[in-house]
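S.K.: First the structure, which I've put down as structure tokens, then a few questions once you've had a look.
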Amino acid sequence: MDTITLNVPTLPCVGLAAAAGLLACKLIAPRRRADETERGPLPAWLDELEDDESYERVRLPEWDNGTEWRRKNGFKGSDYVHDACAAVHVPRYYLRGVSGGVGSKLVGAAHFGPGAESHRGLCHGGTMCSLMDDVVGWTGFCATGVCKPWSGFTVQINTALKKPVDVGSWLRIEGEIVKIDGRKVSVKARLLDVDGDVHCEAEGLVVLKKKS
Ligand SMILES: CCCCCCCCCC(=O)SCCNC(=O)CCNC(=O)[C@H](O)C(C)(C)COP(=O)(O)OP(=O)(O)OC[C@H]1O[C@@H](n2cnc3c(N)ncnc32)[C@H](O)[C@@H]1OP(=O)(O)O
């Protein structure tokens, strides 16, 4: 049988990668994602974090590998926030870990797609709350100063919604460990735009799993 080899060139920039991801979403799940549009390029400051030696990119096989890998490893679906097709999508986090945990900071970018819409171009407040849940949890998993995935549970997310988010926005999401009391990790988080305007902020609590 003849085989066809496709030479796919390396994508020149992460923005194209994001667009390609969305195209893949359309092709793979055309009915579910009929309202998706291109996310556009990733924000430039994300590249600055990539180049900043004090930050390290958090990588997870369940984010980076495909559906097949997830299925084989106990996952049942796509990641609610990190999947390329998610209504509100975080492509990456970067950690500035601090020994002892307190002061450790997680920074990422979040895109609010058309699937996050509530009223006429504005996003549902629950999308901001979901993001706060995610960043609080992932920041809490960094309680040792390094990221230990799934090492605890978010148990509280008290979110203040401060400014509506437009559909199509790329915003900066941040979480920081402010206190560690035994297994309880307190995290402050916020979502802000390129001008520094805060769209929401949260105080969260993560309970780390008991050591076995
Ligand atoms: C390989 C498997 C990996 C699994 C990893 C899963 C990662 C999931 C990532 C998430 O973030 S999921 C987000 C949604 N969150 C949840 O679904 C959490 C639901 N809650 C629970 O499942 C249980 O509450 C939990 C397992 C977290 C309880 O754990 P424990 O039984 O070990 O904790 P315990 O109840 O003994 O509480 C420990 C401390 O935390 C405090 N605490 C627990 N829940 C609290 C709460 N909701 N608010 C405030 N404090 C809370 C509790 O008072 C206590 O304080 P003290 O040490 O001072 O006494």
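Each chain of the structure tokens is named A, B, ... in the order shown, its residues numbered from 1; ligands are numbered from 1 in display order.
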Would you list the residues that come within 8 Å of ligand 1? Count only C-alpha atoms and all ligand atoms and give the answer as a list in words.
M.R.: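 Within the 8 Å cut-off, the matching residues are Asp133, Asp134, Gly137, Trp138, Pro149, Trp150, Ser151, Gly152, Phe153, Thr154, Val155, Gln156, Asp181, Gly182, Arg183, Lys184, Leu205, Val206, Val207, Leu208, Lys209 and Lys210 of chain A.
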S.K.: Residues near Val194 in chain A, anyone? I mean within 9 Å using only C-alpha atoms, not counting same-chain ones fewer than 5 positions away, as a PyMOL selection string.
M.R.: chain A and resi 170-172
S.K.: Go ahead and save the picked residues with C-alpha atoms, as a PDB file, in the first residue's frame.
M.R.:
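Generated output (selection.pdb):
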```pdb
ATOM      1  CA  TRP A 170      -6.403  37.535  26.400  1.00  0.00           C
ATOM      2  CA  LEU A 171      -5.853  38.297  30.097  1.00  0.00           C
ATOM      3  CA  ARG A 172      -3.083  37.634  32.582  1.00  0.00           C
TER       4      ARG A 172
END
```
S.K.: So which one's closest to Val107 in chain A, A:Glu68, A:Glu176, A:Asp51, A:Asp197? Using only C-alpha atoms, please.
M.R.: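 Of the candidates, the smallest distance to Val107 in chain A is held by A:Glu176.
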S.K.: Report as a list in words all protein, DNA and RNA residues lying within 7 Å of Glu117 in chain A, evaluated on only C-alpha atoms, omitting residues in the same chain fewer than 6 positions from it.
M.R.: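 Result of the neighbour search: Cys123, His124 and Val167 of chain A.
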S.K.: What's around His119 in chain A at 12 Å? Count only C-alpha atoms, leave out sequence neighbours fewer than 5 positions away in its own chain, and write the answer as a PyMOL selection string.
M.R.: chain A and resi 114+124-125+164-167
S.K.: Write a file of the selected residues as an mmCIF file, in the first residue's frame, keeping C-alpha atoms.
M.R.:
```
data_model
loop_
_atom_site.group_PDB
_atom_site.id
_atom_site.type_symbol
_atom_site.label_atom_id
_atom_site.label_comp_id
_atom_site.auth_asym_id
_atom_site.auth_seq_id
_atom_site.Cartn_x
_atom_site.Cartn_y
_atom_site.Cartn_z
ATOM 1 C CA PRO A 114 -17.018 32.740 22.136
ATOM 2 C CA HIS A 124 -20.071 34.727 31.986
ATOM 3 C CA GLY A 125 -18.832 35.463 35.515
ATOM 4 C CA PRO A 164 -16.518 42.479 32.778
ATOM 5 C CA VAL A 165 -14.414 40.521 30.296
ATOM 6 C CA ASP A 166 -14.968 40.933 26.550
ATOM 7 C CA VAL A 167 -15.288 37.800 24.440
#
```
S.K.: Could you check which of A:Ser99, A:Ser118, A:Asn73, A:Thr127 is closest to Leu161 in chain A, using only C-alpha atoms?
M.R.: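 That would be A:Thr127, the residue with the smallest distance to Leu161 in chain A.
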S.K.: Quick check, in Å to one decimal: how far apart do CA of Ala116 in chain A and CA of Gly175 in chain A lie?
M.R.: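 Pair CA of Ala116 in chain A / CA of Gly175 in chain A returns 21.5 Å.
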S.K.: Smallest atom-to-atom distance to Gly40 in chain A: which of A:Arg57, A:Leu122, A:Thr159, A:Gly168, using only C-alpha atoms?
M.R.: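 Nearest to Gly40 in chain A: A:Gly168.
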S.K.: As a VMD selection string, please: every residue in range 76-202 of chain A that a backbone DSSP assignment puts in helix (DSSP H, G or I).
M.R.: chain A and resid 114 to 116 125 to 140
S.K.: Which residues, written as a count of residues only, have at least one atom at most 12 Å from Asn65 in chain A, with only C-alpha atoms counted and residues fewer than 2 positions away on the same chain left out?
M.R.: 18
